[in-house]
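> So that you have it, the file is my_file_22.cif, and it contains mmCIF, C-alpha atoms:
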```
data_model
loop_
_atom_site.label_atom_id
_atom_site.label_comp_id
_atom_site.auth_asym_id
_atom_site.auth_seq_id
_atom_site.Cartn_x
_atom_site.Cartn_y
_atom_site.Cartn_z
CA MET A 1 -7.78 8.17 -5.62
CA LEU A 2 -10.47 10.53 -4.33
CA GLY A 3 -10.97 7.97 -1.60
CA TYR A 4 -7.50 8.86 -0.35
CA VAL A 5 -8.39 12.54 -0.19
CA ALA A 6 -11.52 11.67 1.78
CA ILE A 7 -9.48 9.81 4.42
CA GLY A 8 -6.22 11.76 4.09
CA ILE A 9 -7.64 15.11 5.16
CA PRO A 10 -9.22 13.79 8.40
CA CYS A 11 -6.00 11.92 9.13
CA GLY A 12 -4.07 15.18 8.64
CA ILE A 13 -6.46 17.00 10.95
CA LEU A 14 -5.88 14.31 13.56
CA SER A 15 -2.11 14.65 13.11
CA ASP A 16 -2.43 18.40 13.67
CA SER A 17 -4.36 17.79 16.88
CA ILE A 18 -1.36 15.95 18.41
CA GLY A 19 0.96 18.80 17.39
CA LEU A 20 2.49 17.44 14.20
CA SER A 21 3.38 20.09 11.61
CA TRP A 22 2.23 19.75 8.00
CA LEU A 23 5.79 18.72 7.11
CA GLN A 24 5.76 15.91 9.69
CA ALA A 25 2.32 14.78 8.51
CA PHE A 26 3.62 14.78 4.93
CA LEU A 27 6.80 12.79 5.76
CA LEU A 28 4.81 10.31 7.82
CA SER A 29 2.40 9.74 4.94
CA VAL A 30 5.14 9.27 2.35
CA LEU A 31 7.12 6.71 4.35
CA PHE A 32 4.38 5.08 6.42
CA TYR A 33 1.70 5.34 3.83
CA SER A 34 -0.64 3.49 6.13
CA GLY A 35 -3.89 5.00 7.26
CA ALA A 36 -4.29 2.44 10.04
CA GLY A 37 -0.76 3.09 11.36
CA GLN A 38 -1.12 6.87 11.27
CA PHE A 39 -4.51 6.93 12.97
CA MET A 40 -3.01 4.62 15.57
CA PHE A 41 -0.02 6.91 16.20
CA ALA A 42 -2.35 9.82 16.93
CA ASN A 43 -4.78 7.80 19.05
CA MET A 44 -2.04 6.22 21.16
CA TRP A 45 -0.26 9.54 21.63
CA LEU A 46 -3.51 11.10 22.83
CA ALA A 47 -3.92 8.16 25.21
CA GLY A 48 -0.44 8.92 26.61
CA SER A 49 1.20 5.64 25.55
CA PRO A 50 5.00 5.41 25.82
CA ILE A 51 6.94 5.69 22.55
CA ALA A 52 8.21 2.09 22.65
CA SER A 53 4.68 0.69 22.78
CA ILE A 54 3.56 3.02 19.99
CA VAL A 55 6.39 1.76 17.77
CA ALA A 56 5.65 -1.88 18.65
CA SER A 57 1.91 -1.57 17.98
CA ILE A 58 2.29 0.22 14.66
CA SER A 59 4.89 -2.29 13.50
CA LEU A 60 2.68 -5.22 14.50
CA VAL A 61 -0.34 -3.76 12.74
CA ASN A 62 1.75 -3.33 9.62
CA THR A 63 3.01 -6.92 9.57
CA ARG A 64 -0.15 -7.69 7.58
CA GLN A 65 1.63 -6.13 4.61
CA MET A 66 3.95 -9.14 4.52
CA LEU A 67 0.95 -11.02 3.15
CA TYR A 68 0.35 -8.44 0.42
CA SER A 69 3.98 -8.49 -0.55
CA ALA A 70 3.99 -12.29 -0.74
CA ALA A 71 0.80 -12.25 -2.82
CA PHE A 72 2.45 -10.13 -5.51
CA ALA A 73 5.56 -12.30 -5.83
CA PRO A 74 4.25 -14.37 -8.78
CA ALA A 75 3.33 -11.19 -10.69
CA CYS A 76 6.84 -9.77 -10.22
CA ARG A 77 8.57 -12.71 -11.85
CA GLY A 78 11.05 -11.42 -14.45
CA VAL A 79 10.62 -7.80 -13.36
CA GLY A 80 13.78 -5.73 -12.60
CA LYS A 81 15.04 -5.31 -9.03
CA GLY A 82 14.60 -1.53 -8.91
CA LEU A 83 11.00 -1.59 -10.07
CA SER A 84 10.13 -4.56 -7.85
CA PHE A 85 11.58 -2.70 -4.88
CA LEU A 86 9.65 0.49 -5.61
CA PHE A 87 6.48 -1.52 -6.16
CA ALA A 88 6.89 -3.53 -2.95
CA ALA A 89 7.76 -0.46 -0.87
CA THR A 90 4.62 1.38 -1.97
CA VAL A 91 2.11 -1.43 -1.42
CA THR A 92 -0.70 -0.65 0.99
CA ASP A 93 -4.22 -1.87 1.78
CA GLU A 94 -6.25 0.09 -0.74
CA SER A 95 -3.85 0.01 -3.69
CA TYR A 96 -3.30 -3.68 -2.99
CA GLY A 97 -7.03 -4.25 -3.43
CA VAL A 98 -7.10 -2.36 -6.71
CA ASN A 99 -3.99 -4.03 -8.12
CA VAL A 100 -4.84 -7.58 -7.11
CA GLN A 101 -8.13 -7.21 -9.00
CA ARG A 102 -6.41 -5.83 -12.12
CA PHE A 103 -3.77 -8.58 -12.09
CA SER A 104 -6.46 -11.28 -11.87
CA GLU A 105 -8.34 -9.72 -14.80
CA GLY A 106 -5.11 -9.92 -16.83
CA GLY A 107 -3.42 -7.36 -19.08
CA TRP A 108 -1.94 -5.56 -16.07
CA SER A 109 1.78 -4.92 -15.54
CA VAL A 110 3.97 -4.25 -12.51
CA ALA A 111 4.90 -0.87 -14.04
CA LYS A 112 1.22 0.16 -14.18
CA ALA A 113 0.64 -1.22 -10.69
CA THR A 114 3.57 0.82 -9.36
CA LEU A 115 2.09 3.89 -11.00
CA VAL A 116 -1.18 3.24 -9.15
CA ASN A 117 0.81 2.90 -5.91
CA VAL A 118 2.78 6.10 -6.45
CA PHE A 119 -0.30 8.12 -7.46
CA SER A 120 -2.24 6.86 -4.44
CA MET A 121 0.71 7.63 -2.18
CA SER A 122 1.05 11.18 -3.51
CA SER A 123 -2.63 11.98 -3.11
CA TRP A 124 -2.54 10.44 0.37
CA ALA A 125 0.53 12.49 1.39
CA VAL A 126 -0.75 15.77 -0.06
CA SER A 127 -4.20 15.43 1.53
CA ASN A 128 -2.56 14.64 4.87
CA ALA A 129 -0.46 17.80 4.62
CA VAL A 130 -3.56 19.82 3.68
CA GLY A 131 -5.48 18.31 6.59
CA ALA A 132 -2.69 19.25 9.02
CA LEU A 133 -2.58 22.80 7.60
CA VAL A 134 -6.30 23.53 7.85
CA GLY A 135 -6.31 21.56 11.10
CA SER A 136 -8.79 22.57 13.70
CA ALA A 137 -10.46 25.11 11.37
CA ILE A 138 -12.79 22.29 10.26
CA GLY A 139 -14.73 20.46 12.93
CA ILE A 140 -15.41 16.96 11.58
CA PRO A 141 -15.80 14.47 14.44
CA LEU A 142 -12.92 12.03 13.97
CA ALA A 143 -14.92 8.87 14.66
CA ILE A 144 -17.02 9.74 11.62
CA ALA A 145 -14.04 10.72 9.46
CA SER A 146 -12.14 7.54 10.20
CA PHE A 147 -15.21 5.52 9.21
CA ALA A 148 -14.30 6.44 5.61
CA MET A 149 -11.39 4.03 5.87
CA THR A 150 -13.54 1.27 7.34
CA SER A 151 -15.95 1.78 4.43
CA ILE A 152 -13.16 1.30 1.90
CA PHE A 153 -12.20 -2.01 3.53
CA VAL A 154 -15.86 -3.10 3.49
CA CYS A 155 -16.08 -2.33 -0.23
CA LEU A 156 -12.86 -4.26 -0.97
CA LEU A 157 -14.23 -7.20 1.02
CA VAL A 158 -17.64 -7.42 -0.69
CA THR A 159 -16.09 -7.20 -4.17
CA GLN A 160 -14.17 -10.46 -3.60
CA ARG A 161 -15.40 -13.51 -5.49
CA ALA A 162 -18.16 -15.31 -3.53
CA MET A 163 -16.48 -18.73 -3.37
CA VAL A 164 -16.98 -21.06 -0.40
CA GLU A 165 -13.26 -20.86 0.43
CA ASN A 166 -13.27 -17.05 0.37
CA ILE A 167 -16.29 -16.94 2.67
CA VAL A 168 -14.58 -19.35 5.07
CA ALA A 169 -11.42 -17.18 4.94
CA ALA A 170 -13.39 -14.03 5.74
CA GLY A 171 -15.49 -15.64 8.49
CA VAL A 172 -12.53 -17.17 10.31
CA ALA A 173 -10.53 -13.93 9.95
CA VAL A 174 -13.33 -11.96 11.65
CA LEU A 175 -13.54 -14.53 14.43
CA GLY A 176 -9.74 -14.54 14.83
CA VAL A 177 -9.55 -10.76 15.16
CA PHE A 178 -12.33 -10.71 17.72
CA LEU A 179 -10.79 -13.50 19.82
CA CYS A 180 -7.37 -11.77 19.73
CA LYS A 181 -8.94 -8.56 20.94
CA CYS A 182 -10.77 -10.41 23.73
CA ALA A 183 -7.40 -11.82 24.77
CA GLY A 184 -5.96 -8.29 24.83
CA LEU A 185 -3.76 -8.80 21.74
CA THR A 186 -4.85 -5.66 19.90
CA GLY A 187 -1.59 -5.09 17.97
CA PRO A 188 -1.22 -8.45 16.17
CA ALA A 189 -5.01 -9.03 15.87
CA ILE A 190 -5.17 -8.20 12.15
CA LEU A 191 -2.24 -10.42 11.20
CA VAL A 192 -3.33 -13.35 13.37
CA GLY A 193 -6.92 -13.11 12.11
CA ALA A 194 -5.86 -12.94 8.46
CA VAL A 195 -3.45 -15.87 8.77
CA ALA A 196 -6.12 -17.95 10.53
CA GLY A 197 -8.50 -17.10 7.67
CA VAL A 198 -6.01 -18.22 5.01
CA VAL A 199 -5.29 -21.49 6.87
CA ALA A 200 -9.02 -22.23 7.27
CA ALA A 201 -9.62 -21.56 3.57
CA MET A 202 -6.81 -23.97 2.66
CA VAL A 203 -8.37 -26.64 4.86
CA ALA A 204 -11.76 -25.98 3.25
CA SER A 205 -10.41 -26.20 -0.29
CA TRP A 206 -8.58 -29.41 0.58
CA ALA A 207 -11.73 -30.91 2.15
CA ARG A 208 -13.84 -30.04 -0.89
CA ARG A 209 -11.70 -32.04 -3.33
CA MET B 1 -4.28 19.31 27.05
CA VAL B 2 -1.96 16.72 25.57
CA GLU B 3 1.68 17.63 25.12
CA PRO B 4 2.48 18.07 21.41
CA VAL B 5 4.77 15.54 19.71
CA SER B 6 8.37 16.80 19.71
CA TRP B 7 10.67 16.39 16.71
CA THR B 8 12.78 13.91 18.70
CA SER B 9 9.89 11.58 19.50
CA PHE B 10 8.61 12.04 15.98
CA LEU B 11 11.94 10.95 14.48
CA ILE B 12 12.19 7.92 16.78
CA VAL B 13 8.73 6.65 15.85
CA PHE B 14 9.29 7.59 12.21
CA ALA B 15 12.65 5.79 11.82
CA CYS B 16 11.72 2.62 13.73
CA CYS B 17 8.36 2.14 12.04
CA ALA B 18 9.70 2.99 8.60
CA ALA B 19 12.40 0.32 8.97
CA THR B 20 10.04 -2.46 10.12
CA MET B 21 7.47 -1.48 7.51
CA LEU B 22 9.94 -1.52 4.65
CA LEU B 23 11.17 -4.96 5.74
CA CYS B 24 7.60 -6.31 5.90
CA ARG B 25 6.78 -4.92 2.47
CA VAL B 26 9.92 -5.81 0.54
CA VAL B 27 11.36 -9.05 1.97
CA PRO B 28 8.47 -11.48 1.21
CA LEU B 29 8.24 -10.32 -2.40
CA PHE B 30 11.95 -10.76 -3.02
CA ALA B 31 12.07 -14.07 -1.17
CA LEU B 32 9.27 -15.60 -3.27
CA LYS B 33 9.92 -13.83 -6.56
CA GLY B 34 11.25 -15.74 -9.56
CA ARG B 35 10.53 -19.17 -8.13
CA ASN B 36 8.02 -21.67 -9.30
CA LEU B 37 5.67 -21.71 -6.36
CA PRO B 38 3.97 -24.99 -5.46
CA GLU B 39 0.31 -24.98 -6.48
CA GLY B 40 -0.79 -25.06 -2.83
CA VAL B 41 1.15 -21.91 -2.00
CA GLU B 42 -0.30 -20.06 -5.01
CA ARG B 43 -3.76 -21.04 -3.82
CA ALA B 44 -3.00 -19.83 -0.30
CA LEU B 45 -1.84 -16.48 -1.69
CA GLY B 46 -5.21 -16.15 -3.43
CA PHE B 47 -6.99 -16.44 -0.07
CA ILE B 48 -5.08 -13.49 1.37
CA PRO B 49 -7.40 -10.74 0.04
CA PRO B 50 -10.69 -11.96 1.56
CA ALA B 51 -8.97 -12.89 4.84
CA ALA B 52 -7.04 -9.61 5.12
CA PHE B 53 -9.96 -7.32 4.31
CA ALA B 54 -12.29 -9.23 6.62
CA ALA B 55 -9.68 -8.87 9.38
CA LEU B 56 -9.35 -5.11 8.78
CA VAL B 57 -13.13 -4.65 8.84
CA ALA B 58 -13.49 -6.74 12.00
CA ASN B 59 -10.68 -4.78 13.64
CA ASP B 60 -12.55 -1.51 13.01
CA LEU B 61 -16.05 -2.74 13.87
CA LEU B 62 -15.68 -5.24 16.70
CA THR B 63 -14.38 -4.54 20.18
CA PRO B 64 -14.98 -6.59 23.31
CA GLY B 65 -17.49 -4.71 25.40
CA MET B 66 -18.80 -2.66 22.48
CA PHE B 67 -22.38 -3.01 23.76
CA ASP B 68 -21.49 -1.97 27.31
CA ALA B 69 -22.76 1.56 26.72
CA GLY B 70 -26.05 0.18 25.42
CA LEU B 71 -27.09 -1.55 22.22
CA TRP B 72 -27.20 1.45 19.88
CA PRO B 73 -23.67 2.93 20.15
CA GLY B 74 -22.26 -0.52 19.39
CA ALA B 75 -24.72 -1.34 16.62
CA ALA B 76 -24.58 1.98 14.71
CA PRO B 77 -21.25 1.26 12.95
CA LEU B 78 -22.49 -2.24 12.10
CA VAL B 79 -25.65 -0.83 10.50
CA ALA B 80 -23.57 1.72 8.56
CA ALA B 81 -21.22 -1.06 7.44
CA VAL B 82 -24.17 -3.06 6.05
CA ALA B 83 -25.25 0.00 4.03
CA VAL B 84 -21.70 0.40 2.74
CA ALA B 85 -21.56 -3.30 1.82
CA LEU B 86 -24.73 -2.94 -0.31
CA VAL B 87 -23.45 0.18 -2.07
CA GLY B 88 -19.99 -1.35 -2.55
CA PHE B 89 -21.45 -4.55 -3.98
CA LYS B 90 -23.68 -2.66 -6.45
CA SER B 91 -21.29 0.12 -7.50
CA LYS B 92 -17.88 -1.54 -6.97
CA SER B 93 -16.64 1.99 -6.29
CA LEU B 94 -14.32 2.83 -3.37
CA LEU B 95 -15.30 6.49 -3.49
CA TRP B 96 -19.05 5.86 -3.31
CA SER B 97 -18.48 3.40 -0.47
CA ALA B 98 -16.40 5.90 1.50
CA LEU B 99 -19.00 8.66 1.01
CA THR B 100 -21.87 6.34 1.93
CA GLY B 101 -20.04 5.22 5.05
CA VAL B 102 -19.35 8.73 6.30
CA VAL B 103 -22.85 10.05 5.53
CA VAL B 104 -24.77 7.05 6.95
CA TYR B 105 -22.58 6.79 10.04
CA GLY B 106 -22.84 10.55 10.56
CA LEU B 107 -26.66 10.44 10.32
CA LEU B 108 -26.89 7.43 12.66
CA MET B 109 -24.78 9.29 15.23
CA LEU B 110 -27.32 12.15 15.19
CA ILE B 111 -30.16 9.84 16.22
#
```
Can the structure from this file be put into structure tokens for me?

Amino acid sequence: MLGYVAIGIPCGILSDSIGLSWLQAFLLSVLFYSGAGQFMFANMWLAGSPIASIVASISLVNTRQMLYSAAFAPACRGVGKGLSFLFAATVTDESYGVNVQRFSEGGWSVAKATLVNVFSMSSWAVSNAVGALVGSAIGIPLAIASFAMTSIFVCLLVTQRAMVENIVAAGVAVLGVFLCKCAGLTGPAILVGAVAGVVAAMVASWARR
Amino acid sequence: MVEPVSWTSFLIVFACCAATMLLCRVVPLFALKGRNLPEGVERALGFIPPAAFAALVANDLLTPGMFDAGLWPGAAPLVAAVAVALVGFKSKSLLWSALTGVVVYGLLMLI
């Protein structure tokens, strides 16, 4: 949760620098609830990109969440529609990492997982609003601040189980992202890389039988 | 000076992205929920975490032409990421990893 404050405040400061009010930063965080998407909005606006391409890029980057949503489907069996909807709508990278670990350890419920999502979302939204309010008063270089988010992804990656298939999945995903970027496909790079990783891991697990 | 975001542009981006995001988050779960998934599909779902996090890390760390400005500016985030990986592996704590990342990367940038 404190991790969200550490990234939320810099993200709010960045939002302020493109002229978003604290209210806009707050709304964006509640509904988007995606650090990557919000950093992207600010960066592309600063780069003078047209609105249509901003919308397209953010949407493409967020397609990776289809995978998270699919991954939770077995856990949501027999859970009510309302709760499943709230849970699905509040899934994001970091809380996905926490919940997927808890579910695999057992003794975890969708209600508890939703609570994790909602708490994370609230601390994210509030720290964004605070960041936008204090704004330029604090001078943290943004490249350094946004590295907090990269660090969280690194931590989630290295705490995965060290199976051959997982290593193949990670390796191919990295390669896929890099190749996409070389080809100029920056928006869908994350989704394409991740899907390539999953496919490669399936091939590896099939070959090892 | 960049022109500030107006409420109109804000609402356009906000509404469009919120709609696509909600679809991406909700539809797969409801489509797959309550079915007996084939064993192969369940296994594929288990490979999503390592693949997705590796893709997110690669997206942040790797860019074509990252060494154009010399070796160090491109390598600094990689060195910081290795430090974070060690701390994350030992502590399993997101907070410690985030703090390590910011501090190490900040120090490397000073060099």
> With distances taken over all atoms listed in the file, which of B:Lys92, B:Ala85, B:Met21, B:Asp60 is nearest to A:Ser146?
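The closest residue to A:Ser146 is B:Asp60.
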> Residues at most 10 Å from A:Val203, counting only C-alpha atoms, excluding those fewer than 6 positions away in the same chain, as a list of chain:residue names?
A:Glu165, A:Val168, A:Ala169, A:Gly197
> Write out as a list of chain:residue names each polymer residue whose atoms come within 9 Å of B:Leu29, counting only C-alpha atoms; drop sequence neighbours fewer than 4 positions from it.
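The neighbour list is A:Met66, A:Tyr68, A:Ser69, A:Ala70, A:Ala71, A:Phe72, A:Ala73, A:Pro74, A:Cys76, A:Ser84, A:Phe85, A:Ala88, B:Arg25, B:Lys33.
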> With the cut-off set at 7 Å and counting all atoms listed in the file, tabulate each residue of chain B with an atom at most that distance from an atom of chain A, showing the nearest atom pair and its distance in Å to one decimal, ordered by chain and increasing number, as a Markdown table.

```
| residue | atom | partner | partner_atom | distance |
| --- | --- | --- | --- | --- |
| B:Val2 | CA | A:Leu46 | CA | 6.4 |
| B:Pro4 | CA | A:Gly19 | CA | 4.4 |
| B:Val5 | CA | A:Gly19 | CA | 5.5 |
| B:Val13 | CA | A:Val55 | CA | 5.8 |
| B:Phe14 | CA | A:Leu28 | CA | 6.8 |
| B:Cys16 | CA | A:Val55 | CA | 6.7 |
| B:Cys17 | CA | A:Ser59 | CA | 5.8 |
| B:Ala18 | CA | A:Phe32 | CA | 6.1 |
| B:Thr20 | CA | A:Ser59 | CA | 6.2 |
| B:Met21 | CA | A:Asn62 | CA | 6.4 |
| B:Leu22 | CA | A:Ala89 | CA | 6.0 |
| B:Cys24 | CA | A:Met66 | CA | 4.8 |
| B:Arg25 | CA | A:Ser69 | CA | 5.5 |
| B:Val26 | CA | A:Ala88 | CA | 5.2 |
| B:Pro28 | CA | A:Ala70 | CA | 5.0 |
| B:Leu29 | CA | A:Ala73 | CA | 4.8 |
| B:Leu32 | CA | A:Ala73 | CA | 5.6 |
| B:Lys33 | CA | A:Ala73 | CA | 4.7 |
| B:Gly34 | CA | A:Arg77 | CA | 4.6 |
| B:Ala44 | CA | A:Val198 | CA | 6.3 |
| B:Leu45 | CA | A:Ala71 | CA | 5.1 |
| B:Phe47 | CA | A:Val198 | CA | 5.5 |
| B:Ile48 | CA | A:Val198 | CA | 6.0 |
| B:Pro50 | CA | A:Ala170 | CA | 5.4 |
| B:Ala51 | CA | A:Ala170 | CA | 4.7 |
| B:Ala52 | CA | A:Ala194 | CA | 4.9 |
| B:Phe53 | CA | A:Leu157 | CA | 5.4 |
| B:Ala54 | CA | A:Ala170 | CA | 5.0 |
| B:Ala55 | CA | A:Ala173 | CA | 5.2 |
| B:Leu56 | CA | A:Ile190 | CA | 6.2 |
| B:Val57 | CA | A:Phe153 | CA | 6.0 |
| B:Ala58 | CA | A:Val174 | CA | 5.2 |
| B:Asn59 | CA | A:Val177 | CA | 6.3 |
| B:Asp60 | CA | A:Thr150 | CA | 6.4 |
| B:Leu62 | CA | A:Phe178 | CA | 6.5 |
| B:Thr63 | CA | A:Lys181 | CA | 6.8 |
| B:Pro64 | CA | A:Cys182 | CA | 5.7 |
| B:Ala81 | CA | A:Ser151 | CA | 6.7 |
| B:Val84 | CA | A:Ser151 | CA | 6.2 |
| B:Ala85 | CA | A:Cys155 | CA | 5.9 |
| B:Gly88 | CA | A:Cys155 | CA | 4.7 |
| B:Phe89 | CA | A:Val158 | CA | 5.8 |
| B:Lys92 | CA | A:Thr159 | CA | 6.6 |
| B:Leu94 | CA | A:Ile152 | CA | 5.6 |
| B:Leu95 | CA | A:Gly3 | CA | 5.0 |
| B:Ser97 | CA | A:Ser151 | CA | 5.7 |
| B:Ala98 | CA | A:Ala148 | CA | 4.6 |
| B:Leu99 | CA | A:Ala148 | CA | 6.9 |
| B:Gly101 | CA | A:Ser151 | CA | 5.4 |
| B:Val102 | CA | A:Ala148 | CA | 5.6 |
| B:Tyr105 | CA | A:Ile144 | CA | 6.5 |
| B:Gly106 | CA | A:Ile144 | CA | 6.0 |
```
> Give the centre and edge lengths of an axis-aligned box, in Å to one decimal, that holds all listed atoms of stretch 84-95 of chain B with 3 Å on each side, as JSON.

```
{"center_x": -19.5, "center_y": 1.0, "center_z": -2.4, "size_x": 16.4, "size_y": 17.0, "size_z": 16.2}
```
> Please, what distance in Å, to one decimal, runs between atom CA of B:Leu61 and atom CA of B:Ala75?
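Here the two named atoms are 9.2 Å from each other.
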> Rounded to one decimal, what separation in Å do you get between atom CA of B:Gly74 and atom CA of A:Phe39?
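According to the coordinates, atom CA of B:Gly74 and atom CA of A:Phe39 are separated by 20.3 Å.
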> Please tell me which residues are no farther than 8 Å from (-3.4, 15.1, 2.7) in the file, counting all atoms listed in the file, and write them as number ranges by chain.
A: 5, 8-9, 11-12, 26, 123-132
> What does the distance from atom CA of B:Ser9 to atom CA of B:Val27 come to in Å, to one decimal?
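A separation of 27.1 Å between them.
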